[in-house]
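Shown here: entry_4.cif, mmCIF, C-alpha atoms.
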data_run
loop_
_atom_site.group_PDB
_atom_site.id
_atom_site.type_symbol
_atom_site.label_atom_id
_atom_site.label_comp_id
_atom_site.auth_asym_id
_atom_site.auth_seq_id
_atom_site.Cartn_x
_atom_site.Cartn_y
_atom_site.Cartn_z
ATOM 1 C CA MET E 1 45.305 35.657 -49.857
ATOM 2 C CA PRO E 2 45.737 36.691 -46.198
ATOM 3 C CA SER E 3 43.544 35.062 -43.573
ATOM 4 C CA LEU E 4 40.665 37.113 -42.196
ATOM 5 C CA LEU E 5 40.582 35.191 -38.929
ATOM 6 C CA PRO E 6 42.978 37.480 -36.986
ATOM 7 C CA VAL E 7 41.049 40.538 -38.170
ATOM 8 C CA LEU E 8 37.703 39.032 -37.164
ATOM 9 C CA VAL E 9 39.006 37.968 -33.736
ATOM 10 C CA SER E 10 40.410 41.452 -33.129
ATOM 11 C CA ALA E 11 37.135 43.082 -34.174
ATOM 12 C CA PHE E 12 35.171 40.764 -31.878
ATOM 13 C CA LEU E 13 37.436 41.529 -28.900
ATOM 14 C CA ILE E 14 37.173 45.285 -29.470
ATOM 15 C CA ALA E 15 33.377 45.071 -29.749
ATOM 16 C CA ALA E 16 33.121 42.936 -26.601
ATOM 17 C CA ALA E 17 35.226 45.416 -24.632
ATOM 18 C CA ALA E 18 32.911 48.256 -25.686
ATOM 19 C CA ILE E 19 29.810 46.597 -24.226
ATOM 20 C CA PRO E 20 29.214 47.995 -20.741
ATOM 21 C CA SER E 21 29.066 45.464 -17.951
ATOM 22 C CA PRO E 22 26.325 45.594 -15.310
ATOM 23 C CA PRO E 23 27.193 47.141 -11.941
ATOM 24 C CA ALA E 24 29.032 44.882 -9.494
ATOM 25 C CA PHE E 25 26.102 44.767 -7.072
ATOM 26 C CA ALA E 26 23.902 43.348 -9.820
ATOM 27 C CA GLN E 27 26.341 40.476 -10.302
ATOM 28 C CA ALA E 28 26.548 39.442 -6.662
ATOM 29 C CA PRO E 29 23.832 36.975 -5.664
ATOM 30 C CA ALA E 30 22.016 37.585 -2.400
ATOM 31 C CA ARG E 31 23.591 35.778 0.538
ATOM 32 C CA TYR E 32 21.773 34.592 3.634
ATOM 33 C CA VAL E 33 22.748 33.849 7.216
ATOM 34 C CA ALA E 34 23.411 30.115 7.685
ATOM 35 C CA GLY E 35 20.498 28.318 9.302
ATOM 36 C CA VAL E 36 17.999 31.074 8.473
ATOM 37 C CA ALA E 37 17.136 30.747 4.798
ATOM 38 C CA ASP E 38 15.390 34.120 4.547
ATOM 39 C CA LEU E 39 17.653 36.294 6.725
ATOM 40 C CA PRO E 40 19.851 38.240 4.312
ATOM 41 C CA LEU E 41 23.496 38.790 5.103
ATOM 42 C CA MET E 42 24.176 42.502 4.732
ATOM 43 C CA PRO E 43 26.478 43.350 1.819
ATOM 44 C CA GLY E 44 29.921 43.986 3.265
ATOM 45 C CA LEU E 45 29.588 41.314 5.941
ATOM 46 C CA THR E 46 31.316 37.935 5.682
ATOM 47 C CA GLU E 47 29.901 35.062 7.684
ATOM 48 C CA ARG E 48 32.143 33.107 10.049
ATOM 49 C CA PRO E 49 30.573 29.622 9.798
ATOM 50 C CA GLU E 50 33.136 28.048 12.135
ATOM 51 C CA ASP E 51 31.763 30.145 15.015
ATOM 52 C CA GLY E 52 28.049 29.481 14.500
ATOM 53 C CA LEU E 53 25.653 26.715 15.404
ATOM 54 C CA VAL E 54 22.291 25.455 14.204
ATOM 55 C CA PHE E 55 20.159 23.268 16.429
ATOM 56 C CA ASP E 56 16.715 22.002 15.391
ATOM 57 C CA LYS E 57 14.470 20.638 18.084
ATOM 58 C CA PRO E 58 10.756 19.846 18.240
ATOM 59 C CA GLY E 59 10.030 23.131 20.045
ATOM 60 C CA GLY E 60 11.821 25.235 17.425
ATOM 61 C CA ARG E 61 15.247 25.967 16.076
ATOM 62 C CA ILE E 62 18.152 27.722 17.691
ATOM 63 C CA VAL E 63 20.666 29.483 15.477
ATOM 64 C CA GLU E 64 23.739 31.483 16.398
ATOM 65 C CA ALA E 65 25.706 32.976 13.549
ATOM 66 C CA PHE E 66 28.522 35.497 13.333
ATOM 67 C CA ALA E 67 29.656 37.809 10.550
ATOM 68 C CA THR E 68 32.351 40.460 10.277
ATOM 69 C CA GLY E 69 33.001 43.337 7.939
ATOM 70 C CA PRO E 70 34.453 46.820 7.503
ATOM 71 C CA LEU E 71 31.246 48.499 8.657
ATOM 72 C CA THR E 72 29.910 50.218 11.754
ATOM 73 C CA TRP E 73 27.262 48.818 14.066
ATOM 74 C CA GLN E 74 25.057 51.800 13.156
ATOM 75 C CA GLU E 75 25.247 50.870 9.455
ATOM 76 C CA VAL E 76 24.386 47.254 10.250
ATOM 77 C CA ARG E 77 21.478 48.238 12.517
ATOM 78 C CA SER E 78 20.109 50.634 9.895
ATOM 79 C CA PHE E 79 20.249 47.924 7.231
ATOM 80 C CA TYR E 80 18.366 45.385 9.346
ATOM 81 C CA GLU E 81 15.892 47.953 10.742
ATOM 82 C CA SER E 82 14.806 48.688 7.174
ATOM 83 C CA THR E 83 15.100 45.134 5.795
ATOM 84 C CA LEU E 84 13.605 42.882 8.489
ATOM 85 C CA PRO E 85 10.088 44.431 8.582
ATOM 86 C CA GLN E 86 9.821 43.781 4.835
ATOM 87 C CA LEU E 87 10.395 40.093 5.617
ATOM 88 C CA GLY E 88 7.667 39.905 8.255
ATOM 89 C CA TRP E 89 9.792 40.587 11.348
ATOM 90 C CA ARG E 90 8.352 43.126 13.776
ATOM 91 C CA PRO E 91 10.477 45.054 16.277
ATOM 92 C CA ASP E 92 10.019 43.960 19.902
ATOM 93 C CA ARG E 93 12.083 44.721 23.015
ATOM 94 C CA GLY E 94 15.511 44.964 21.455
ATOM 95 C CA GLY E 95 14.904 42.227 18.903
ATOM 96 C CA TYR E 96 12.418 41.068 16.298
ATOM 97 C CA LEU E 97 9.513 38.611 16.379
ATOM 98 C CA ARG E 98 8.014 36.508 13.609
ATOM 99 C CA GLU E 99 5.962 33.308 13.614
ATOM 100 C CA GLY E 100 6.928 32.218 17.117
ATOM 101 C CA GLU E 101 10.618 33.015 16.762
ATOM 102 C CA ARG E 102 12.732 35.810 18.204
ATOM 103 C CA LEU E 103 15.742 37.272 16.411
ATOM 104 C CA GLN E 104 18.364 39.281 18.267
ATOM 105 C CA LEU E 105 21.293 41.103 16.753
ATOM 106 C CA SER E 106 24.268 42.352 18.730
ATOM 107 C CA ALA E 107 27.747 43.492 17.820
ATOM 108 C CA THR E 108 31.241 44.239 18.960
ATOM 109 C CA GLU E 109 33.258 46.907 17.220
ATOM 110 C CA ALA E 110 36.975 47.309 16.764
ATOM 111 C CA PRO E 111 38.595 50.082 14.722
ATOM 112 C CA GLY E 112 37.330 49.646 11.169
ATOM 113 C CA VAL E 113 35.494 46.345 11.703
ATOM 114 C CA VAL E 114 32.284 45.107 13.261
ATOM 115 C CA THR E 115 31.420 41.563 14.358
ATOM 116 C CA VAL E 116 27.689 40.873 14.335
ATOM 117 C CA LYS E 117 26.027 38.090 16.300
ATOM 118 C CA PHE E 118 22.662 36.773 15.052
ATOM 119 C CA ARG E 119 20.611 34.754 17.553
ATOM 120 C CA LEU E 120 17.372 33.044 16.541
ATOM 121 C CA PHE E 121 15.374 31.055 19.083
ATOM 122 C CA PRO E 122 11.781 30.106 19.943
ATOM 123 C CA GLN E 123 9.759 32.911 21.455
#
Spit out the file's structure as structure tokens when you get a sec.
Amino acid sequence: MPSLLPVLVSAFLIAAAAIPSPPAFAQAPARYVAGVADLPLMPGLTERPEDGLVFDKPGGRIVEAFATGPLTWQEVRSFYESTLPQLGWRPDRGGYLREGERLQLSATEAPGVVTVKFRLFPQ
């Protein structure tokens, strides 16, 4: 009597392959800028932790972080202009304010890549 195990394994593998997988963006967990637990890192950007710094002092924290990616500065600005107000940040003189802290974003662009600088400091 032939073994049914190879047939069952094959049937299982075929059935598993037929099940659609969720979109890639649903699988990727949200990432945040180092030192700022609720500042999301835009999809497409990769943080450069070796270039940043986090300094906590009694008067507030100072954070500088850098990220790069194959995006434009306009895409990055648009993302943060729509995202930050939802997190309580309000636009103010070229940056954002929230709970006594100021956040500034700036960038340098090279062909096909942007480097974003995040600066957080007491207001």
Using the chain letters and residue numbers of this document, give as a PDB file with C-alpha atoms, in the coordinates of the input the residues selected by the PyMOL selection byres ((chain E and resi 108-120) around 9).
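Result went into expr_27.pdb, see below:
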ATOM      1  CA  VAL E  33      22.748  33.849   7.216  1.00  0.00           C
ATOM      2  CA  VAL E  36      17.999  31.074   8.473  1.00  0.00           C
ATOM      3  CA  LEU E  45      29.588  41.314   5.941  1.00  0.00           C
ATOM      4  CA  ARG E  61      15.247  25.967  16.076  1.00  0.00           C
ATOM      5  CA  ILE E  62      18.152  27.722  17.691  1.00  0.00           C
ATOM      6  CA  VAL E  63      20.666  29.483  15.477  1.00  0.00           C
ATOM      7  CA  GLU E  64      23.739  31.483  16.398  1.00  0.00           C
ATOM      8  CA  ALA E  65      25.706  32.976  13.549  1.00  0.00           C
ATOM      9  CA  PHE E  66      28.522  35.497  13.333  1.00  0.00           C
ATOM     10  CA  ALA E  67      29.656  37.809  10.550  1.00  0.00           C
ATOM     11  CA  THR E  68      32.351  40.460  10.277  1.00  0.00           C
ATOM     12  CA  GLY E  69      33.001  43.337   7.939  1.00  0.00           C
ATOM     13  CA  PRO E  70      34.453  46.820   7.503  1.00  0.00           C
ATOM     14  CA  LEU E  71      31.246  48.499   8.657  1.00  0.00           C
ATOM     15  CA  THR E  72      29.910  50.218  11.754  1.00  0.00           C
ATOM     16  CA  TRP E  73      27.262  48.818  14.066  1.00  0.00           C
ATOM     17  CA  VAL E  76      24.386  47.254  10.250  1.00  0.00           C
ATOM     18  CA  GLU E 101      10.618  33.015  16.762  1.00  0.00           C
ATOM     19  CA  ARG E 102      12.732  35.810  18.204  1.00  0.00           C
ATOM     20  CA  LEU E 103      15.742  37.272  16.411  1.00  0.00           C
ATOM     21  CA  GLN E 104      18.364  39.281  18.267  1.00  0.00           C
ATOM     22  CA  LEU E 105      21.293  41.103  16.753  1.00  0.00           C
ATOM     23  CA  SER E 106      24.268  42.352  18.730  1.00  0.00           C
ATOM     24  CA  ALA E 107      27.747  43.492  17.820  1.00  0.00           C
ATOM     25  CA  PHE E 121      15.374  31.055  19.083  1.00  0.00           C
ATOM     26  CA  PRO E 122      11.781  30.106  19.943  1.00  0.00           C
TER      27      PRO E 122
END
In Å, with one decimal, what is the gap from CA of Leu41 (chain E) to CA of Phe79 (chain E)?
-> 9.9 Å
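Each of E:Leu53, E:Leu97, E:Met42, E:Gln123 was compared to Arg77 (chain E) using all atoms listed in the file, and E:Met42 turns out to be the nearest.
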Hey, can you check how far CA of Gly44 (chain E) sits from CA of Glu99 (chain E)?
-> 28.2 Å
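Of note, CA of Gln74 (chain E) and CA of Phe55 (chain E) are spaced 29.1 Å apart.
Distance annotation: of E:Gly35, E:Gly88, E:Gly100, E:Gly94, the residue with the minimal separation from Pro49 (chain E) is E:Gly35; atom set is all atoms listed in the file.
If all atoms listed in the file are the atoms counted, then among E:Glu47, E:Asp38, E:Glu75, E:Asp56 the closest residue to Leu87 (chain E) is E:Asp38.
Residue nearest Pro85 (chain E) within the list E:Thr46, E:Val54, E:Leu39, E:Arg31: E:Leu39 [criterion: smallest interatomic distance, all atoms listed in the file].
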